$ cat work.cif   # mmCIF, C-alpha atoms
data_upload
#
loop_
_atom_site.group_PDB
_atom_site.id
_atom_site.type_symbol
_atom_site.label_atom_id
_atom_site.label_comp_id
_atom_site.auth_asym_id
_atom_site.auth_seq_id
_atom_site.Cartn_x
_atom_site.Cartn_y
_atom_site.Cartn_z
ATOM 1 C CA MET A 1 -57.008 -20.121 -6.229
ATOM 2 C CA LYS A 2 -54.814 -21.545 -3.470
ATOM 3 C CA THR A 3 -52.708 -23.410 -6.042
ATOM 4 C CA ALA A 4 -52.216 -20.252 -8.097
ATOM 5 C CA LEU A 5 -51.220 -18.357 -4.955
ATOM 6 C CA ALA A 6 -48.786 -21.111 -3.899
ATOM 7 C CA LEU A 7 -47.198 -21.088 -7.375
ATOM 8 C CA ALA A 8 -46.890 -17.310 -7.287
ATOM 9 C CA LEU A 9 -45.261 -17.422 -3.843
ATOM 10 C CA THR A 10 -42.832 -20.187 -4.919
ATOM 11 C CA SER A 11 -41.924 -18.220 -8.028
ATOM 12 C CA ALA A 12 -41.376 -15.085 -5.948
ATOM 13 C CA LEU A 13 -39.182 -16.995 -3.482
ATOM 14 C CA LEU A 14 -37.107 -18.443 -6.322
ATOM 15 C CA THR A 15 -36.731 -14.996 -7.897
ATOM 16 C CA LEU A 16 -35.715 -13.524 -4.550
ATOM 17 C CA ASP A 17 -33.269 -16.390 -3.967
ATOM 18 C CA VAL A 18 -31.578 -16.002 -7.376
ATOM 19 C CA GLY A 19 -31.453 -12.239 -6.967
ATOM 20 C CA ALA A 20 -30.057 -12.577 -3.461
ATOM 21 C CA ALA A 21 -27.407 -15.054 -4.664
ATOM 22 C CA ASN A 22 -26.290 -12.580 -7.283
ATOM 23 C CA GLN A 23 -25.920 -9.914 -4.570
ATOM 24 C CA GLY A 24 -23.872 -12.163 -2.232
ATOM 25 C CA TRP A 25 -26.946 -13.532 -0.422
ATOM 26 C CA ASP A 26 -26.362 -14.209 3.266
ATOM 27 C CA GLY A 27 -29.774 -15.487 4.292
ATOM 28 C CA MET A 28 -30.964 -18.706 5.852
ATOM 29 C CA LYS A 29 -29.101 -21.891 4.997
ATOM 30 C CA LEU A 30 -30.244 -25.479 5.148
ATOM 31 C CA TYR A 31 -28.054 -28.562 5.474
ATOM 32 C CA ARG A 32 -28.587 -31.910 3.780
ATOM 33 C CA TYR A 33 -26.806 -34.913 5.257
ATOM 34 C CA THR A 34 -27.269 -38.681 5.436
ATOM 35 C CA ASN A 35 -28.165 -40.213 8.794
ATOM 36 C CA GLU A 36 -27.100 -43.612 10.172
ATOM 37 C CA HIS A 37 -30.049 -45.277 8.397
ATOM 38 C CA GLY A 38 -28.903 -44.004 5.009
ATOM 39 C CA VAL A 39 -31.760 -41.503 4.817
ATOM 40 C CA GLN A 40 -31.092 -37.974 3.545
ATOM 41 C CA VAL A 41 -32.134 -35.347 6.099
ATOM 42 C CA LEU A 42 -32.724 -31.616 5.504
ATOM 43 C CA ASP A 43 -32.174 -29.517 8.637
ATOM 44 C CA ASP A 44 -30.978 -26.088 9.779
ATOM 45 C CA THR A 45 -27.913 -27.687 11.461
ATOM 46 C CA VAL A 46 -25.764 -30.775 11.017
ATOM 47 C CA PRO A 47 -25.485 -32.811 14.224
ATOM 48 C CA PRO A 48 -21.788 -33.226 15.096
ATOM 49 C CA ARG A 49 -21.933 -37.019 14.651
ATOM 50 C CA TYR A 50 -22.838 -36.571 10.950
ATOM 51 C CA VAL A 51 -20.264 -33.893 10.059
ATOM 52 C CA ALA A 52 -17.566 -36.437 9.199
ATOM 53 C CA GLY A 53 -19.926 -38.070 6.697
ATOM 54 C CA GLY A 54 -20.092 -34.900 4.616
ATOM 55 C CA TYR A 55 -23.060 -32.673 3.845
ATOM 56 C CA GLU A 56 -24.442 -30.041 1.476
ATOM 57 C CA VAL A 57 -25.301 -26.435 2.245
ATOM 58 C CA LEU A 58 -28.461 -25.256 0.446
ATOM 59 C CA THR A 59 -30.674 -22.201 0.133
ATOM 60 C CA PRO A 60 -34.329 -22.595 1.186
ATOM 61 C CA SER A 61 -35.191 -23.038 -2.497
ATOM 62 C CA GLY A 62 -32.841 -26.032 -2.740
ATOM 63 C CA ARG A 63 -29.919 -24.460 -4.610
ATOM 64 C CA VAL A 64 -26.639 -26.048 -3.504
ATOM 65 C CA LEU A 65 -24.240 -23.423 -2.124
ATOM 66 C CA GLU A 66 -21.484 -25.727 -0.953
ATOM 67 C CA VAL A 67 -20.610 -29.413 -0.814
ATOM 68 C CA VAL A 68 -18.521 -30.566 2.160
ATOM 69 C CA GLU A 69 -16.891 -33.864 1.243
ATOM 70 C CA PRO A 70 -16.824 -36.740 3.761
ATOM 71 C CA GLU A 71 -13.674 -37.003 5.867
ATOM 72 C CA LEU A 72 -11.266 -39.642 4.594
ATOM 73 C CA THR A 73 -10.439 -42.727 6.640
ATOM 74 C CA GLY A 74 -6.804 -43.712 7.247
ATOM 75 C CA LYS A 75 -6.826 -46.058 4.247
ATOM 76 C CA GLN A 76 -8.591 -43.533 1.971
ATOM 77 C CA LEU A 77 -6.214 -40.772 3.054
ATOM 78 C CA ALA A 78 -3.183 -42.982 2.350
ATOM 79 C CA GLU A 79 -4.604 -43.816 -1.104
ATOM 80 C CA LYS A 80 -5.239 -40.125 -1.834
ATOM 81 C CA GLU A 81 -1.669 -39.241 -0.820
ATOM 82 C CA ARG A 82 -0.324 -42.103 -2.968
ATOM 83 C CA ARG A 83 -2.335 -40.872 -5.982
ATOM 84 C CA GLU A 84 -1.151 -37.286 -5.488
ATOM 85 C CA ALA A 85 2.480 -38.415 -5.175
ATOM 86 C CA GLN A 86 2.136 -40.505 -8.360
ATOM 87 C CA GLN A 87 0.603 -37.532 -10.197
ATOM 88 C CA ALA A 88 3.574 -35.356 -9.176
ATOM 89 C CA ILE A 89 6.019 -38.048 -10.414
ATOM 90 C CA ASP A 90 4.073 -38.386 -13.679
ATOM 91 C CA LEU A 91 4.123 -34.627 -14.212
ATOM 92 C CA GLN A 92 7.900 -34.518 -13.720
ATOM 93 C CA LEU A 93 8.305 -37.442 -16.133
ATOM 94 C CA LEU A 94 6.291 -35.668 -18.839
ATOM 95 C CA LYS A 95 8.235 -32.432 -18.275
ATOM 96 C CA ARG A 96 11.622 -34.178 -18.477
ATOM 97 C CA TYR A 97 11.041 -36.365 -21.542
ATOM 98 C CA ASN A 98 9.245 -35.919 -24.862
ATOM 99 C CA SER A 99 9.231 -39.602 -25.820
ATOM 100 C CA VAL A 100 10.406 -43.085 -24.855
ATOM 101 C CA ALA A 101 13.360 -42.494 -27.214
ATOM 102 C CA ASP A 102 14.395 -39.554 -24.990
ATOM 103 C CA ILE A 103 14.268 -41.853 -21.962
ATOM 104 C CA GLU A 104 16.444 -44.442 -23.735
ATOM 105 C CA SER A 105 18.984 -41.743 -24.715
ATOM 106 C CA ALA A 106 19.167 -40.566 -21.100
ATOM 107 C CA ARG A 107 19.654 -44.182 -19.970
ATOM 108 C CA LYS A 108 22.568 -44.663 -22.396
ATOM 109 C CA ARG A 109 24.251 -41.435 -21.252
ATOM 110 C CA LYS A 110 23.933 -42.312 -17.578
ATOM 111 C CA LEU A 111 25.072 -45.907 -18.077
ATOM 112 C CA ALA A 112 28.042 -44.800 -20.217
ATOM 113 C CA ILE A 113 29.442 -42.805 -17.264
ATOM 114 C CA VAL A 114 29.032 -45.748 -14.869
ATOM 115 C CA GLN A 115 30.436 -48.264 -17.364
ATOM 116 C CA GLN A 116 33.467 -46.065 -18.020
ATOM 117 C CA ASP A 117 34.132 -45.913 -14.289
ATOM 118 C CA MET A 118 33.695 -49.708 -14.052
ATOM 119 C CA ALA A 119 36.233 -50.205 -16.875
ATOM 120 C CA ILE A 120 38.766 -48.021 -15.010
ATOM 121 C CA LEU A 121 38.176 -49.929 -11.770
ATOM 122 C CA ARG A 122 38.604 -53.297 -13.537
ATOM 123 C CA SER A 123 41.833 -52.066 -15.115
ATOM 124 C CA ASN A 124 43.083 -50.878 -11.699
ATOM 125 C CA MET A 125 42.203 -54.234 -10.182
ATOM 126 C CA SER A 126 44.096 -56.121 -12.902
ATOM 127 C CA SER A 127 47.125 -53.903 -12.354
ATOM 128 C CA LEU A 128 46.999 -54.443 -8.582
ATOM 129 C CA ASN A 129 46.630 -58.221 -9.030
ATOM 130 C CA ARG A 130 49.674 -58.271 -11.328
ATOM 131 C CA GLN A 131 51.674 -56.375 -8.686
ATOM 132 C CA ILE A 132 50.548 -58.855 -6.026
ATOM 133 C CA GLU A 133 51.621 -61.795 -8.254
ATOM 134 C CA SER A 134 54.998 -60.152 -8.848
ATOM 135 C CA GLU A 135 55.578 -59.473 -5.139
ATOM 136 C CA GLU A 136 54.400 -62.979 -4.169
ATOM 137 C CA SER A 137 56.742 -64.509 -6.778
ATOM 138 C CA ALA A 138 59.619 -62.531 -5.280
ATOM 139 C CA ALA A 139 58.658 -63.744 -1.791
ATOM 140 C CA ALA A 140 58.419 -67.367 -3.027
ATOM 141 C CA ARG A 141 61.868 -67.158 -4.693
ATOM 142 C CA THR A 142 63.372 -65.811 -1.469
ATOM 143 C CA GLN A 143 61.822 -68.679 0.491
ATOM 144 C CA ARG A 144 62.950 -71.300 -2.054
ATOM 145 C CA ASN A 145 66.499 -69.962 -1.734
ATOM 146 C CA GLY A 146 66.272 -70.413 2.023
ATOM 147 C CA GLY A 147 65.949 -66.718 2.800
ATOM 148 C CA ALA A 148 63.429 -64.933 4.974
ATOM 149 C CA VAL A 149 60.870 -62.709 3.309
ATOM 150 C CA SER A 150 61.406 -59.125 4.405
ATOM 151 C CA PRO A 151 58.704 -57.439 6.511
ATOM 152 C CA GLU A 152 58.615 -54.627 3.914
ATOM 153 C CA LEU A 153 57.702 -57.081 1.131
ATOM 154 C CA LEU A 154 55.000 -58.695 3.263
ATOM 155 C CA ALA A 155 53.634 -55.229 4.133
ATOM 156 C CA ARG A 156 53.551 -54.279 0.409
ATOM 157 C CA ILE A 157 51.612 -57.463 -0.419
ATOM 158 C CA ALA A 158 49.158 -56.816 2.447
ATOM 159 C CA ASN A 159 48.625 -53.197 1.311
ATOM 160 C CA LEU A 160 48.077 -54.286 -2.297
ATOM 161 C CA ARG A 161 45.459 -56.803 -1.144
ATOM 162 C CA LYS A 162 43.688 -54.063 0.853
ATOM 163 C CA GLU A 163 43.678 -51.865 -2.264
ATOM 164 C CA VAL A 164 42.180 -54.735 -4.289
ATOM 165 C CA ALA A 165 39.430 -55.123 -1.662
ATOM 166 C CA VAL A 166 38.632 -51.378 -1.820
ATOM 167 C CA VAL A 167 38.558 -51.352 -5.636
ATOM 168 C CA SER A 168 36.474 -54.541 -5.660
ATOM 169 C CA GLU A 169 33.919 -52.952 -3.306
ATOM 170 C CA ARG A 170 33.729 -49.812 -5.470
ATOM 171 C CA LEU A 171 33.264 -51.966 -8.567
ATOM 172 C CA SER A 172 30.483 -53.908 -6.853
ATOM 173 C CA LEU A 173 28.720 -50.638 -5.946
ATOM 174 C CA ARG A 174 29.030 -49.410 -9.538
ATOM 175 C CA GLU A 175 27.603 -52.713 -10.851
ATOM 176 C CA LYS A 176 24.617 -52.332 -8.485
ATOM 177 C CA GLU A 177 24.251 -48.720 -9.630
ATOM 178 C CA ALA A 178 24.085 -49.876 -13.266
ATOM 179 C CA LEU A 179 21.324 -52.356 -12.353
ATOM 180 C CA THR A 180 19.421 -49.614 -10.481
ATOM 181 C CA ILE A 181 19.746 -47.231 -13.443
ATOM 182 C CA ASN A 182 18.375 -49.877 -15.811
ATOM 183 C CA SER A 183 15.516 -50.675 -13.446
ATOM 184 C CA GLU A 184 14.619 -46.981 -12.958
ATOM 185 C CA PHE A 185 14.683 -46.268 -16.688
ATOM 186 C CA ASP A 186 12.649 -49.420 -17.419
ATOM 187 C CA GLU A 187 9.994 -48.120 -15.010
ATOM 188 C CA ALA A 188 10.173 -44.601 -16.479
ATOM 189 C CA ALA A 189 9.751 -45.885 -20.061
ATOM 190 C CA SER A 190 6.876 -48.160 -19.077
ATOM 191 C CA ARG A 191 5.105 -45.421 -17.097
ATOM 192 C CA TYR A 192 5.661 -42.875 -19.898
ATOM 193 C CA GLN A 193 4.001 -45.208 -22.405
ATOM 194 C CA GLU A 194 1.135 -45.717 -19.956
ATOM 195 C CA ILE A 195 0.415 -42.021 -19.346
ATOM 196 C CA ALA A 196 1.431 -40.514 -22.692
ATOM 197 C CA GLY A 197 0.424 -43.396 -24.926
ATOM 198 C CA LYS A 198 3.590 -43.181 -27.059
#

$ encode --input "work.cif" --output "structure tokens"
Amino acid sequence: MKTALALALTSALLTLDVGAANQGWDGMKLYRYTNEHGVQVLDDTVPPRYVAGGYEVLTPSGRVLEVVEPELTGKQLAEKERREAQQAIDLQLLKRYNSVADIESARKRKLAIVQQDMAILRSNMSSLNRQIESEESAAARTQRNGGAVSPELLARIANLRKEVAVVSERLSLREKEALTINSEFDEAASRYQEIAGK
């Protein structure tokens, strides 16, 4: 008789609980958390020292209303942020390209612009070096003939050498840029294959 009554009461409580949940139930809540011994505890509050470890909010019948995840440690938080950043990069990659062939086409277009600029810079450098040779030959002839090289000629040579240094630096930057482009597109193609499988 007692067993039948207990079953009836349990059934009634469960029915009430489900009905209450459907009507936005705001009754008693229980909390399940793990203590320092690794034992799960069911209580009407969560002691502050266990909050960081996460807990579950339940109805008296045991239905889970909410799960509060454990707080992340510094290392876990950094890993989560890294994963989220990588997901954002991956999403952009998939939006920008439809295939590895698209990535290779974009690489060629970008490199073509840099290589064209490098060709112009090399041509400018050759032209400047020829001018320097010409001016230095003129200065050498003057000296061989016992004359003094004019300050204007020396200034022109010095200015041409400065121009060569500037062009050389720009060319060096463009060469580094080409290497960076190749490296970035290598990574993009590799990552695309990894996440898209094509």

$ closest_residue --input "work.cif" --among "A:Asn159, A:Ser99, A:Ala139, A:Glu104" --to "A:Asp186" --atoms "only C-alpha atoms"
A:Glu104

$ atom_distance --input "work.cif" --atom1 "atom CA of A:Ser126" --atom2 "atom CA of A:Val114"
18.4 Å

$ resolve_selection --input "work.cif" --expression "the PyMOL selection byres ((chain A and resi 32-49) around 10)" --output "MDAnalysis selection string"
chainID A and resid 28:31 50:58 60 62 64 67:68

$ write_last_selection --input "work.cif" --atoms "C-alpha atoms" --output "PDB file, keeping the file's coordinate frame"
ATOM      1  CA  MET A  28     -30.964 -18.706   5.852  1.00  0.00           C
ATOM      2  CA  LYS A  29     -29.101 -21.891   4.997  1.00  0.00           C
ATOM      3  CA  LEU A  30     -30.244 -25.479   5.148  1.00  0.00           C
ATOM      4  CA  TYR A  31     -28.054 -28.562   5.474  1.00  0.00           C
ATOM      5  CA  TYR A  50     -22.838 -36.571  10.950  1.00  0.00           C
ATOM      6  CA  VAL A  51     -20.264 -33.893  10.059  1.00  0.00           C
ATOM      7  CA  ALA A  52     -17.566 -36.437   9.199  1.00  0.00           C
ATOM      8  CA  GLY A  53     -19.926 -38.070   6.697  1.00  0.00           C
ATOM      9  CA  GLY A  54     -20.092 -34.900   4.616  1.00  0.00           C
ATOM     10  CA  TYR A  55     -23.060 -32.673   3.845  1.00  0.00           C
ATOM     11  CA  GLU A  56     -24.442 -30.041   1.476  1.00  0.00           C
ATOM     12  CA  VAL A  57     -25.301 -26.435   2.245  1.00  0.00           C
ATOM     13  CA  LEU A  58     -28.461 -25.256   0.446  1.00  0.00           C
ATOM     14  CA  PRO A  60     -34.329 -22.595   1.186  1.00  0.00           C
ATOM     15  CA  GLY A  62     -32.841 -26.032  -2.740  1.00  0.00           C
ATOM     16  CA  VAL A  64     -26.639 -26.048  -3.504  1.00  0.00           C
ATOM     17  CA  VAL A  67     -20.610 -29.413  -0.814  1.00  0.00           C
ATOM     18  CA  VAL A  68     -18.521 -30.566   2.160  1.00  0.00           C
TER      19      VAL A  68
END

$ residues_around --input "work.cif" --residues "A:Ala119" --least-positions-apart "6" --cutoff "12 Å" --atoms "only C-alpha atoms" --output "list in words"
Ala112, Ile113, Met125, Ser126, Val167, Arg170, Leu171, Arg174 and Glu175 of chain A

$ closest_residue --input "work.cif" --among "A:Ile195, A:Ala78, A:Val164, A:Ala101" --to "A:Ser123" --atoms "all atoms listed in the file"
A:Val164

$ atom_distance --input "work.cif" --atom1 "atom CA of A:Glu184" --atom2 "atom CA of A:Ile103"
10.4 Å

$ closest_residue --input "work.cif" --among "A:Asn124, A:Asn98, A:Ser134, A:Gln143" --to "A:Ala196" --atoms "only C-alpha atoms"
A:Asn98

$ atom_distance --input "work.cif" --atom1 "atom CA of A:Leu128" --atom2 "atom CA of A:Leu160"
6.4 Å

$ resolve_selection --input "work.cif" --expression "the PyMOL selection byres ((chain A and resi 161) around 12)" --output "PyMOL selection string"
chain A and resi 125-133+135-136+154-160+162-168

$ closest_residue --input "work.cif" --among "A:Val149, A:Leu111, A:Met118, A:Gly27" --to "A:Ser61" --atoms "all atoms listed in the file"
A:Gly27

$ resolve_selection --input "work.cif" --expression "the PyMOL selection byres ((chain A and resi 185) around 12)" --output "PyMOL selection string"
chain A and resi 93+97+100-111+178-184+186-192
